[in-house]
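Next comes model_34.pdb, a file with PDB, C-alpha atoms.
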MODEL        1
ATOM      1  CA  MET A   1      22.261   3.998  16.905
ATOM      2  CA  ALA A   2      22.635   1.869  20.013
ATOM      3  CA  ASP A   3      18.982   2.431  20.912
ATOM      4  CA  ARG A   4      17.639   1.460  17.513
ATOM      5  CA  ILE A   5      15.880  -1.849  16.915
ATOM      6  CA  PRO A   6      17.794  -4.166  14.527
ATOM      7  CA  LEU A   7      15.647  -5.087  11.549
ATOM      8  CA  ALA A   8      15.809  -7.503   8.623
ATOM      9  CA  LEU A   9      14.782  -5.995   5.289
ATOM     10  CA  VAL A  10      13.487  -8.693   2.945
ATOM     11  CA  GLY A  11      13.268  -8.091  -0.802
ATOM     12  CA  ILE A  12      15.910  -5.568  -1.855
ATOM     13  CA  GLY A  13      14.241  -4.169  -4.939
ATOM     14  CA  LYS A  14      13.183  -0.740  -6.152
ATOM     15  CA  ILE A  15      10.760   0.085  -3.331
ATOM     16  CA  ALA A  16      13.245  -1.033  -0.678
ATOM     17  CA  ARG A  17      16.010   1.132  -2.139
ATOM     18  CA  ASP A  18      13.842   4.136  -2.979
ATOM     19  CA  GLN A  19      11.754   4.293   0.184
ATOM     20  CA  HIS A  20      12.431   1.780   2.952
ATOM     21  CA  ILE A  21      16.185   2.109   3.361
ATOM     22  CA  PRO A  22      16.254   5.955   3.280
ATOM     23  CA  SER A  23      13.297   6.139   5.684
ATOM     24  CA  ILE A  24      14.858   3.704   8.137
ATOM     25  CA  GLU A  25      18.215   5.472   7.988
ATOM     26  CA  GLY A  26      16.561   8.860   8.425
ATOM     27  CA  GLY A  27      14.478   7.739  11.399
ATOM     28  CA  GLN A  28      15.273   7.090  15.026
ATOM     29  CA  ASP A  29      13.714   3.670  15.621
ATOM     30  CA  PHE A  30      15.360   0.993  13.461
ATOM     31  CA  VAL A  31      18.611   0.007  11.823
ATOM     32  CA  VAL A  32      18.893  -2.414   8.899
ATOM     33  CA  ALA A  33      21.045  -5.176  10.365
ATOM     34  CA  VAL A  34      20.216  -7.841   7.773
ATOM     35  CA  GLY A  35      19.248  -7.863   4.104
ATOM     36  CA  VAL A  36      17.513 -10.857   2.555
ATOM     37  CA  SER A  37      17.221 -11.060  -1.219
ATOM     38  CA  ARG A  38      18.031 -13.408  -4.064
ATOM     39  CA  HIS A  39      19.687 -10.603  -6.004
ATOM     40  CA  GLY A  40      20.094  -7.399  -3.994
ATOM     41  CA  LYS A  41      22.183  -6.529  -0.962
ATOM     42  CA  VAL A  42      22.148  -3.883   1.757
ATOM     43  CA  GLU A  43      25.502  -2.180   2.160
ATOM     44  CA  GLY A  44      26.872  -2.423   5.670
ATOM     45  CA  ALA A  45      24.489  -5.230   6.703
ATOM     46  CA  GLU A  46      24.765  -9.008   6.841
ATOM     47  CA  ASN A  47      23.104 -10.390   3.710
ATOM     48  CA  PHE A  48      21.302 -13.660   3.030
ATOM     49  CA  THR A  49      19.828 -15.065  -0.171
ATOM     50  CA  ASP A  50      17.464 -17.470   1.623
ATOM     51  CA  PHE A  51      14.788 -16.392   4.103
ATOM     52  CA  GLU A  52      14.690 -19.636   6.074
ATOM     53  CA  ALA A  53      18.482 -19.531   6.411
ATOM     54  CA  PHE A  54      18.217 -16.022   7.836
ATOM     55  CA  LEU A  55      15.597 -17.085  10.398
ATOM     56  CA  ALA A  56      17.776 -19.980  11.528
ATOM     57  CA  ALA A  57      21.039 -18.023  11.624
ATOM     58  CA  ARG A  58      19.813 -14.809  13.275
ATOM     59  CA  PRO A  59      17.288 -15.543  16.046
ATOM     60  CA  ASP A  60      18.395 -12.267  17.649
ATOM     61  CA  ILE A  61      16.735 -10.225  14.888
ATOM     62  CA  LYS A  62      13.158  -9.897  16.111
ATOM     63  CA  VAL A  63      11.809  -7.519  13.443
ATOM     64  CA  VAL A  64      11.207  -8.285   9.765
ATOM     65  CA  SER A  65      10.102  -5.875   7.023
ATOM     66  CA  LEU A  66       8.741  -7.689   3.967
ATOM     67  CA  CYS A  67       9.187  -5.720   0.723
ATOM     68  CA  THR A  68       8.759  -8.684  -1.609
ATOM     69  CA  PRO A  69       5.997  -8.944  -4.217
ATOM     70  CA  PRO A  70       2.739 -10.017  -2.525
ATOM     71  CA  GLU A  71       2.504 -13.467  -4.116
ATOM     72  CA  VAL A  72       5.445 -14.801  -2.040
ATOM     73  CA  ARG A  73       4.737 -12.865   1.117
ATOM     74  CA  PHE A  74       2.355 -15.233   2.899
ATOM     75  CA  ASP A  75       4.847 -18.059   3.398
ATOM     76  CA  MET A  76       7.544 -15.646   4.552
ATOM     77  CA  ALA A  77       5.236 -13.856   6.989
ATOM     78  CA  LYS A  78       3.947 -17.178   8.319
ATOM     79  CA  ALA A  79       7.481 -18.449   8.911
ATOM     80  CA  ALA A  80       8.558 -15.198  10.567
ATOM     81  CA  ILE A  81       5.544 -15.182  12.882
ATOM     82  CA  ALA A  82       6.162 -18.837  13.816
ATOM     83  CA  ALA A  83       9.738 -17.834  14.672
ATOM     84  CA  GLY A  84       8.483 -15.103  17.012
ATOM     85  CA  ARG A  85       9.341 -12.130  14.796
ATOM     86  CA  HIS A  86       7.382  -8.898  14.461
ATOM     87  CA  VAL A  87       6.383  -8.386  10.819
ATOM     88  CA  LEU A  88       5.775  -5.345   8.615
ATOM     89  CA  MET A  89       4.191  -6.018   5.231
ATOM     90  CA  GLU A  90       4.445  -3.681   2.248
ATOM     91  CA  LYS A  91       1.195  -2.986   0.454
ATOM     92  CA  PRO A  92      -0.760  -4.833  -0.706
ATOM     93  CA  PRO A  93      -0.264  -7.088   2.322
ATOM     94  CA  ALA A  94      -1.254 -10.345   0.622
ATOM     95  CA  THR A  95      -2.715 -11.669  -2.615
ATOM     96  CA  THR A  96      -6.069 -12.579  -1.038
ATOM     97  CA  LEU A  97      -8.189 -11.662   1.957
ATOM     98  CA  GLY A  98      -7.912 -15.268   3.104
ATOM     99  CA  GLU A  99      -4.130 -15.015   3.329
ATOM    100  CA  ALA A 100      -4.291 -11.662   5.085
ATOM    101  CA  GLU A 101      -6.827 -12.780   7.675
ATOM    102  CA  ALA A 102      -4.924 -16.005   8.334
ATOM    103  CA  LEU A 103      -1.765 -14.009   9.068
ATOM    104  CA  SER A 104      -3.657 -11.802  11.504
ATOM    105  CA  GLU A 105      -4.858 -14.855  13.416
ATOM    106  CA  LEU A 106      -1.378 -16.378  13.459
ATOM    107  CA  ALA A 107       0.169 -13.159  14.779
ATOM    108  CA  THR A 108      -2.450 -12.867  17.514
ATOM    109  CA  LYS A 109      -1.835 -16.432  18.655
ATOM    110  CA  ALA A 110       1.949 -15.945  18.572
ATOM    111  CA  GLY A 111       1.769 -12.651  20.470
ATOM    112  CA  VAL A 112       3.769 -10.715  17.886
ATOM    113  CA  THR A 113       3.102  -7.471  16.036
ATOM    114  CA  LEU A 114       1.762  -7.613  12.488
ATOM    115  CA  PHE A 115       1.550  -4.340  10.565
ATOM    116  CA  ALA A 116      -0.264  -4.243   7.209
ATOM    117  CA  THR A 117       1.019  -0.945   5.879
ATOM    118  CA  TRP A 118      -0.757   1.554   3.634
ATOM    119  CA  HIS A 119       1.886   4.193   3.004
ATOM    120  CA  SER A 120      -0.477   6.687   1.372
ATOM    121  CA  ARG A 121      -2.379   7.030   4.651
ATOM    122  CA  PHE A 122       0.716   8.757   6.018
ATOM    123  CA  ALA A 123       0.676  11.462   3.345
ATOM    124  CA  LEU A 124       0.576  14.921   4.882
ATOM    125  CA  GLY A 125      -2.987  15.833   3.970
ATOM    126  CA  VAL A 126      -4.733  12.576   4.872
ATOM    127  CA  GLU A 127      -5.154  12.921   8.636
ATOM    128  CA  PRO A 128      -6.414  16.537   8.517
ATOM    129  CA  ALA A 129      -8.788  15.475   5.726
ATOM    130  CA  ARG A 130     -10.132  12.665   7.899
ATOM    131  CA  GLN A 131     -10.662  15.054  10.799
ATOM    132  CA  TRP A 132     -12.429  17.663   8.642
ATOM    133  CA  LEU A 133     -14.784  15.083   7.113
ATOM    134  CA  SER A 134     -15.665  13.462  10.448
ATOM    135  CA  ASP A 135     -18.696  15.725  11.054
ATOM    136  CA  LYS A 136     -19.622  16.518   7.431
ATOM    137  CA  VAL A 137     -22.286  14.998   5.180
ATOM    138  CA  ILE A 138     -20.536  13.422   2.196
ATOM    139  CA  GLN A 139     -22.450  13.964  -1.037
ATOM    140  CA  SER A 140     -20.073  12.371  -3.557
ATOM    141  CA  ILE A 141     -16.453  11.281  -4.015
ATOM    142  CA  SER A 142     -14.386  11.153  -7.193
ATOM    143  CA  ILE A 143     -10.987   9.455  -7.462
ATOM    144  CA  VAL A 144      -8.694   9.916 -10.465
ATOM    145  CA  TRP A 145      -5.455   7.933 -10.109
ATOM    146  CA  LYS A 146      -3.467   7.750 -13.336
ATOM    147  CA  GLU A 147       0.239   7.122 -13.764
ATOM    148  CA  ASP A 148       2.843   5.713 -16.116
ATOM    149  CA  VAL A 149       3.657   2.094 -15.286
ATOM    150  CA  ARG A 150       6.897   2.317 -17.275
ATOM    151  CA  ARG A 151       8.131   5.079 -14.986
ATOM    152  CA  TRP A 152       7.200   3.531 -11.640
ATOM    153  CA  HIS A 153       7.577  -0.207 -12.304
ATOM    154  CA  PRO A 154      10.319  -0.594 -14.934
ATOM    155  CA  GLY A 155      10.983  -4.221 -15.794
ATOM    156  CA  GLN A 156       8.779  -5.574 -12.996
ATOM    157  CA  ALA A 157       7.050  -8.433 -14.787
ATOM    158  CA  TRP A 158       5.464  -9.765 -11.570
ATOM    159  CA  ILE A 159       2.884  -6.952 -11.518
ATOM    160  CA  TRP A 160       1.219  -8.437 -14.622
ATOM    161  CA  GLU A 161       1.092 -11.997 -13.284
ATOM    162  CA  PRO A 162      -1.639 -13.574 -11.095
ATOM    163  CA  GLY A 163      -1.328 -12.007  -7.670
ATOM    164  CA  GLY A 164       0.445  -8.959  -9.086
ATOM    165  CA  PHE A 165      -2.641  -6.668  -8.918
ATOM    166  CA  GLY A 166      -1.926  -4.783 -12.161
ATOM    167  CA  VAL A 167      -3.237  -1.214 -11.991
ATOM    168  CA  PHE A 168      -4.598  -1.949  -8.531
ATOM    169  CA  ASP A 169      -1.024  -1.934  -7.221
ATOM    170  CA  PRO A 170      -1.097   1.884  -7.291
ATOM    171  CA  GLY A 171      -4.894   2.070  -7.214
ATOM    172  CA  ILE A 172      -5.007   0.440  -3.797
ATOM    173  CA  ASN A 173      -3.135   3.485  -2.501
ATOM    174  CA  ALA A 174      -6.149   5.624  -3.393
ATOM    175  CA  LEU A 175      -8.464   3.067  -1.794
ATOM    176  CA  SER A 176      -6.363   3.128   1.378
ATOM    177  CA  ILE A 177      -6.845   6.905   1.601
ATOM    178  CA  LEU A 178     -10.552   6.580   0.812
ATOM    179  CA  THR A 179     -11.154   4.062   3.595
ATOM    180  CA  GLU A 180      -9.134   6.192   6.020
ATOM    181  CA  ILE A 181     -10.894   9.518   5.480
ATOM    182  CA  VAL A 182     -14.475   8.228   5.100
ATOM    183  CA  PRO A 183     -15.969   7.057   8.392
ATOM    184  CA  ASP A 184     -18.472   4.654   6.773
ATOM    185  CA  PRO A 185     -17.733   1.409   4.918
ATOM    186  CA  ILE A 186     -17.418   1.647   1.129
ATOM    187  CA  MET A 187     -19.319  -0.849  -1.038
ATOM    188  CA  VAL A 188     -18.541  -1.758  -4.648
ATOM    189  CA  GLN A 189     -21.497  -1.725  -7.049
ATOM    190  CA  SER A 190     -19.839  -2.407 -10.407
ATOM    191  CA  SER A 191     -16.560  -2.128 -12.259
ATOM    192  CA  VAL A 192     -15.004  -2.349 -15.712
ATOM    193  CA  LEU A 193     -11.516  -3.838 -15.789
ATOM    194  CA  GLU A 194      -9.378  -3.413 -18.921
ATOM    195  CA  PHE A 195      -6.936  -6.251 -19.597
ATOM    196  CA  PRO A 196      -4.333  -5.948 -22.360
ATOM    197  CA  GLU A 197      -4.640  -9.094 -24.447
ATOM    198  CA  ASN A 198      -1.017  -9.981 -23.589
ATOM    199  CA  LYS A 199      -1.334  -9.423 -19.819
ATOM    200  CA  LYS A 200      -2.979 -11.291 -16.941
ATOM    201  CA  GLN A 201      -3.772  -8.231 -14.819
ATOM    202  CA  PRO A 202      -5.720  -5.050 -15.642
ATOM    203  CA  ILE A 203      -4.065  -1.914 -16.945
ATOM    204  CA  ALA A 204      -7.097   0.271 -16.169
ATOM    205  CA  ALA A 205     -10.232   0.113 -14.036
ATOM    206  CA  SER A 206     -13.419   2.124 -13.578
ATOM    207  CA  ILE A 207     -15.221   1.428 -10.301
ATOM    208  CA  ALA A 208     -18.645   2.555  -9.105
ATOM    209  CA  MET A 209     -19.067   2.438  -5.332
ATOM    210  CA  ARG A 210     -21.212   4.000  -2.622
ATOM    211  CA  THR A 211     -21.058   4.764   1.071
ATOM    212  CA  VAL A 212     -23.461   3.163   3.535
ATOM    213  CA  GLU A 213     -25.458   6.385   3.446
ATOM    214  CA  GLY A 214     -25.724   6.166  -0.341
ATOM    215  CA  ALA A 215     -23.215   8.792  -1.487
ATOM    216  CA  PRO A 216     -21.767   7.800  -4.893
ATOM    217  CA  VAL A 217     -18.038   7.084  -5.120
ATOM    218  CA  THR A 218     -16.263   6.689  -8.451
ATOM    219  CA  ALA A 219     -12.665   5.698  -9.146
ATOM    220  CA  GLU A 220     -10.718   5.843 -12.398
ATOM    221  CA  PHE A 221      -7.391   3.997 -12.414
ATOM    222  CA  ASP A 222      -5.093   3.935 -15.448
ATOM    223  CA  TRP A 223      -1.484   2.894 -15.975
ATOM    224  CA  ARG A 224      -1.062   4.489 -19.399
ATOM    225  CA  GLN A 225      -0.740   8.135 -18.405
ATOM    226  CA  GLU A 226       2.306   9.896 -19.804
ATOM    227  CA  GLY A 227       3.538  13.341 -18.784
ATOM    228  CA  PRO A 228       2.217  14.756 -15.476
ATOM    229  CA  GLN A 229       0.852  12.071 -13.169
ATOM    230  CA  THR A 230      -2.573  12.347 -11.533
ATOM    231  CA  TRP A 231      -3.382  11.283  -7.967
ATOM    232  CA  ASP A 232      -6.516  13.198  -6.894
ATOM    233  CA  ILE A 233      -9.437  12.540  -4.552
ATOM    234  CA  THR A 234     -12.295  15.069  -4.524
ATOM    235  CA  VAL A 235     -15.042  14.978  -1.894
ATOM    236  CA  GLN A 236     -18.206  17.063  -2.163
ATOM    237  CA  THR A 237     -19.851  17.750   1.197
ATOM    238  CA  ASN A 238     -22.570  19.891   2.753
ATOM    239  CA  ALA A 239     -19.782  22.267   3.819
ATOM    240  CA  GLY A 240     -18.007  22.522   0.486
ATOM    241  CA  GLU A 241     -15.343  20.677  -1.480
ATOM    242  CA  LEU A 242     -12.328  18.855  -0.094
ATOM    243  CA  ARG A 243      -9.562  17.821  -2.482
ATOM    244  CA  LEU A 244      -6.471  15.732  -1.868
ATOM    245  CA  SER A 245      -3.885  16.067  -4.632
ATOM    246  CA  LYS A 246      -0.502  14.544  -5.428
ATOM    247  CA  GLY A 247      -1.330  11.336  -3.612
ATOM    248  CA  GLY A 248      -2.515  13.075  -0.462
ATOM    249  CA  SER A 249       0.457  15.374   0.030
ATOM    250  CA  GLU A 250      -1.659  18.457  -0.705
ATOM    251  CA  LEU A 251      -5.025  19.250   0.917
ATOM    252  CA  TYR A 252      -7.452  21.900  -0.324
ATOM    253  CA  ILE A 253     -10.750  22.857   1.286
ATOM    254  CA  GLY A 254     -12.975  25.194  -0.650
ATOM    255  CA  GLY A 255     -10.091  25.712  -3.070
ATOM    256  CA  GLU A 256      -7.790  26.996  -0.331
ATOM    257  CA  GLU A 257      -4.607  25.090   0.451
ATOM    258  CA  GLN A 258      -4.656  23.683   3.981
ATOM    259  CA  ALA A 259      -1.606  21.427   4.043
ATOM    260  CA  SER A 260       1.359  20.569   1.849
ATOM    261  CA  GLY A 261       4.912  19.480   2.417
ATOM    262  CA  PRO A 262       7.627  16.928   1.754
ATOM    263  CA  ASP A 263       6.993  13.202   1.456
ATOM    264  CA  ARG A 264       7.151  11.437   4.845
ATOM    265  CA  GLU A 265       4.941   8.461   4.068
ATOM    266  CA  TYR A 266       7.485   5.724   4.727
ATOM    267  CA  ALA A 267       8.998   7.594   7.652
ATOM    268  CA  GLY A 268       5.504   7.566   9.140
ATOM    269  CA  ILE A 269       5.179   3.838   8.530
ATOM    270  CA  TYR A 270       8.299   3.030  10.517
ATOM    271  CA  GLU A 271       7.378   5.400  13.348
ATOM    272  CA  ARG A 272       4.019   3.631  13.574
ATOM    273  CA  PHE A 273       5.677   0.198  13.447
ATOM    274  CA  ALA A 274       7.932   1.096  16.361
ATOM    275  CA  GLN A 275       4.919   2.253  18.378
ATOM    276  CA  LEU A 276       3.086  -0.983  17.652
ATOM    277  CA  ILE A 277       6.034  -3.152  18.688
ATOM    278  CA  ARG A 278       6.559  -1.249  21.926
ATOM    279  CA  SER A 279       2.875  -1.473  22.826
ATOM    280  CA  ARG A 280       2.604  -5.125  21.697
ATOM    281  CA  GLN A 281      -0.208  -4.311  19.264
ATOM    282  CA  SER A 282      -0.984  -5.052  15.622
ATOM    283  CA  ASP A 283      -2.515  -2.932  12.858
ATOM    284  CA  THR A 284      -4.210  -5.006  10.161
ATOM    285  CA  ASP A 285      -6.910  -3.092   8.315
ATOM    286  CA  TYR A 286      -7.703  -4.961   5.103
ATOM    287  CA  GLN A 287     -10.536  -2.755   3.786
ATOM    288  CA  PRO A 288      -8.556  -1.538   0.726
ATOM    289  CA  LEU A 289      -7.804  -5.159  -0.212
ATOM    290  CA  ARG A 290     -11.486  -6.055   0.220
ATOM    291  CA  ILE A 291     -12.517  -3.313  -2.232
ATOM    292  CA  VAL A 292     -10.037  -4.648  -4.802
ATOM    293  CA  ALA A 293     -11.426  -8.177  -4.364
ATOM    294  CA  ASP A 294     -14.999  -6.900  -4.694
ATOM    295  CA  SER A 295     -14.056  -4.983  -7.846
ATOM    296  CA  PHE A 296     -12.944  -8.226  -9.468
ATOM    297  CA  LEU A 297     -16.098 -10.020  -8.287
ATOM    298  CA  CYS A 298     -18.362  -7.278  -9.640
ATOM    299  CA  GLY A 299     -16.244  -6.535 -12.677
ATOM    300  CA  GLU A 300     -16.867  -6.616 -16.391
ATOM    301  CA  ARG A 301     -13.720  -7.804 -18.130
ATOM    302  CA  LYS A 302     -12.742  -5.826 -21.235
ATOM    303  CA  ILE A 303      -9.870  -6.920 -23.481
ATOM    304  CA  VAL A 304      -7.839  -4.051 -24.958
ATOM    305  CA  ALA A 305      -4.797  -3.699 -27.206
ATOM    306  CA  PRO A 306      -1.527  -5.366 -26.174
ATOM    307  CA  PHE A 307       0.759  -3.357 -23.948
ATOM    308  CA  GLU A 308       4.546  -3.489 -24.158
ATOM    309  CA  ASP A 309       6.477  -2.535 -21.030
TER     310      ASP A 309
ENDMDL
END
Target encoding structure tokens, full file:
Amino acid sequence: MADRIPLALVGIGKIARDQHIPSIEGGQDFVVAVGVSRHGKVEGAENFTDFEAFLAARPDIKVVSLCTPPEVRFDMAKAAIAAGRHVLMEKPPATTLGEAEALSELATKAGVTLFATWHSRFALGVEPARQWLSDKVIQSISIVWKEDVRRWHPGQAWIWEPGGFGVFDPGINALSILTEIVPDPIMVQSSVLEFPENKKQPIAASIAMRTVEGAPVTAEFDWRQEGPQTWDITVQTNAGELRLSKGGSELYIGGEEQASGPDREYAGIYERFAQLIRSRQSDTDYQPLRIVADSFLCGERKIVAPFED
């Protein structure tokens, strides 16, 4: 424990409790020394309800992990960077590309690490999938990402508000895998976004994309799936089919299982963050966020029945 880097965890909500705290405690690199949240607390740590008060009171804590909703993250990240702190941002890293790019510039000027995390890229099958596809000709890609919002985001009203991303909050996980395993940029051609008449963010989306070489890419996102959840990416190539299932934790090539195992996505995030801090580097790939923005720009808006959480 003495060798671990003290860290401030900001935003003690469901994702912090379910993923961040267990991953930090189970790793070798960090210890949660401070919790910052208006409502939650971290047991065994010093806790603050105000972020600026934390920055002023604990200049010794040089690492900040932001688990807040994205719409409040920019000001916190900006303040932390100005105070010389290294910053990890939960996905999606910001509400707009402008915010994200501004934070990258600020971190570079301040000489601190900024890590825009995409936890699904650390799923077990993603890296071997990327390696296998590196010398293949991609013919088509199909993404089906459907889950039950009531199960994964109970009572989280912010996801339906401006800046909350709606179904793109989980959908961006699929896009983060897509942009990791495909070597070429992905371009949006069109989209249909379904908005419940009582919500400000989409509950479903159908996106038509293509690679630079012209291979078609389709994505179907839906937050109304009950029963078994679906997180699949299927790639047709000149050497056969590659399929990532269960959010990237299972990899199949030609129907044969190549990789599967326990979830280590957030453990991988914190291992990567420690490497970045020690090497004084940043990791800020905003391609998944760009695809979401382009989907709204190219999108047909469709109003559907009201949805009750």
How many Å lie between CA of Arg278 (chain A) and CA of Ala100 (chain A), rounded to one decimal? 22.6 Å
I'd like to see the residues matched by the PyMOL selection byres ((chain A and resi 12-27) around 9) on this file, and ideally I'd get them as a list in words.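 When the PyMOL selection byres ((chain A and resi 12-27) around 9) is applied, the selected residues are Leu9, Val10, Gly11, Gln28, Asp29, Phe30, Val31, Val32, Gly35, Val36, Ser37, Arg38, His39, Gly40, Lys41, Val42, Ser65, Cys67, Thr68, His153, Arg264, Glu265, Tyr266, Ala267, Gly268, Ile269, Tyr270 and Glu271 of chain A.
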Let me see the file: selected residues, C-alpha atoms, as a PDB file, in the coordinates of the input.
ATOM      1  CA  LEU A   9      14.782  -5.995   5.289  1.00  0.00           C
ATOM      2  CA  VAL A  10      13.487  -8.693   2.945  1.00  0.00           C
ATOM      3  CA  GLY A  11      13.268  -8.091  -0.802  1.00  0.00           C
ATOM      4  CA  GLN A  28      15.273   7.090  15.026  1.00  0.00           C
ATOM      5  CA  ASP A  29      13.714   3.670  15.621  1.00  0.00           C
ATOM      6  CA  PHE A  30      15.360   0.993  13.461  1.00  0.00           C
ATOM      7  CA  VAL A  31      18.611   0.007  11.823  1.00  0.00           C
ATOM      8  CA  VAL A  32      18.893  -2.414   8.899  1.00  0.00           C
ATOM      9  CA  GLY A  35      19.248  -7.863   4.104  1.00  0.00           C
ATOM     10  CA  VAL A  36      17.513 -10.857   2.555  1.00  0.00           C
ATOM     11  CA  SER A  37      17.221 -11.060  -1.219  1.00  0.00           C
ATOM     12  CA  ARG A  38      18.031 -13.408  -4.064  1.00  0.00           C
ATOM     13  CA  HIS A  39      19.687 -10.603  -6.004  1.00  0.00           C
ATOM     14  CA  GLY A  40      20.094  -7.399  -3.994  1.00  0.00           C
ATOM     15  CA  LYS A  41      22.183  -6.529  -0.962  1.00  0.00           C
ATOM     16  CA  VAL A  42      22.148  -3.883   1.757  1.00  0.00           C
ATOM     17  CA  SER A  65      10.102  -5.875   7.023  1.00  0.00           C
ATOM     18  CA  CYS A  67       9.187  -5.720   0.723  1.00  0.00           C
ATOM     19  CA  THR A  68       8.759  -8.684  -1.609  1.00  0.00           C
ATOM     20  CA  HIS A 153       7.577  -0.207 -12.304  1.00  0.00           C
ATOM     21  CA  ARG A 264       7.151  11.437   4.845  1.00  0.00           C
ATOM     22  CA  GLU A 265       4.941   8.461   4.068  1.00  0.00           C
ATOM     23  CA  TYR A 266       7.485   5.724   4.727  1.00  0.00           C
ATOM     24  CA  ALA A 267       8.998   7.594   7.652  1.00  0.00           C
ATOM     25  CA  GLY A 268       5.504   7.566   9.140  1.00  0.00           C
ATOM     26  CA  ILE A 269       5.179   3.838   8.530  1.00  0.00           C
ATOM     27  CA  TYR A 270       8.299   3.030  10.517  1.00  0.00           C
ATOM     28  CA  GLU A 271       7.378   5.400  13.348  1.00  0.00           C
TER      29      GLU A 271
END
Hits from the PyMOL selection byres ((chain A and resi 89) around 9), listed as a ChimeraX atom specification: /A:64-68,70,73,77,87-88,90-94,114-117
Rounded to one decimal place, report the CA of His119 (chain A)-CA of Phe273 (chain A) distance in Å.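 Pair CA of His119 (chain A) / CA of Phe273 (chain A) returns 11.8 Å.
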Got a sec: who's within 10 Å of Ala204 (chain A), counting only C-alpha atoms, leaving out chain neighbours fewer than 5 positions off, as a ChimeraX atom specification? /A:145-146,166-168,171,192-196,220-224,302,304
CA of Arg301 (chain A) and CA of Asp232 (chain A), how far apart in Å? 24.9 Å
Ile143 (chain A) proximity check over A:Val217, A:Met209, A:Ala129, A:Thr95, using all atoms listed in the file: winner is A:Val217
Check which residues satisfy the PyMOL selection byres ((chain A and resi 124) around 8) in the file shown, then give them as a list in words. Phe122, Ala123, Gly125, Val126, Glu127, Gly248, Ser249, Glu250, Ala259, Ser260, Gly261, Pro262, Asp263, Arg264 and Glu265 of chain A
Export, as a short mmCIF file (atom, residue, chain, number, x, y, z; two decimals), in the frame of the given file, the selected residues with C-alpha atoms.
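What landed in part.cif:
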data_model
loop_
_atom_site.label_atom_id
_atom_site.label_comp_id
_atom_site.auth_asym_id
_atom_site.auth_seq_id
_atom_site.Cartn_x
_atom_site.Cartn_y
_atom_site.Cartn_z
CA PHE A 122 0.72 8.76 6.02
CA ALA A 123 0.68 11.46 3.34
CA GLY A 125 -2.99 15.83 3.97
CA VAL A 126 -4.73 12.58 4.87
CA GLU A 127 -5.15 12.92 8.64
CA GLY A 248 -2.52 13.08 -0.46
CA SER A 249 0.46 15.37 0.03
CA GLU A 250 -1.66 18.46 -0.70
CA ALA A 259 -1.61 21.43 4.04
CA SER A 260 1.36 20.57 1.85
CA GLY A 261 4.91 19.48 2.42
CA PRO A 262 7.63 16.93 1.75
CA ASP A 263 6.99 13.20 1.46
CA ARG A 264 7.15 11.44 4.84
CA GLU A 265 4.94 8.46 4.07
#
Enclose region 230-246 of chain A, meaning all of its atoms listed in the file, in a box aligned along x, y and z, pad it by 5 Å on each side, and list the centre and edge lengths in Å to one decimal, as lines of an AutoDock Vina configuration file.
center_x = -11.5
center_y = 16.9
center_z = -3.9
size_x = 32.1
size_y = 21.2
size_z = 25.4
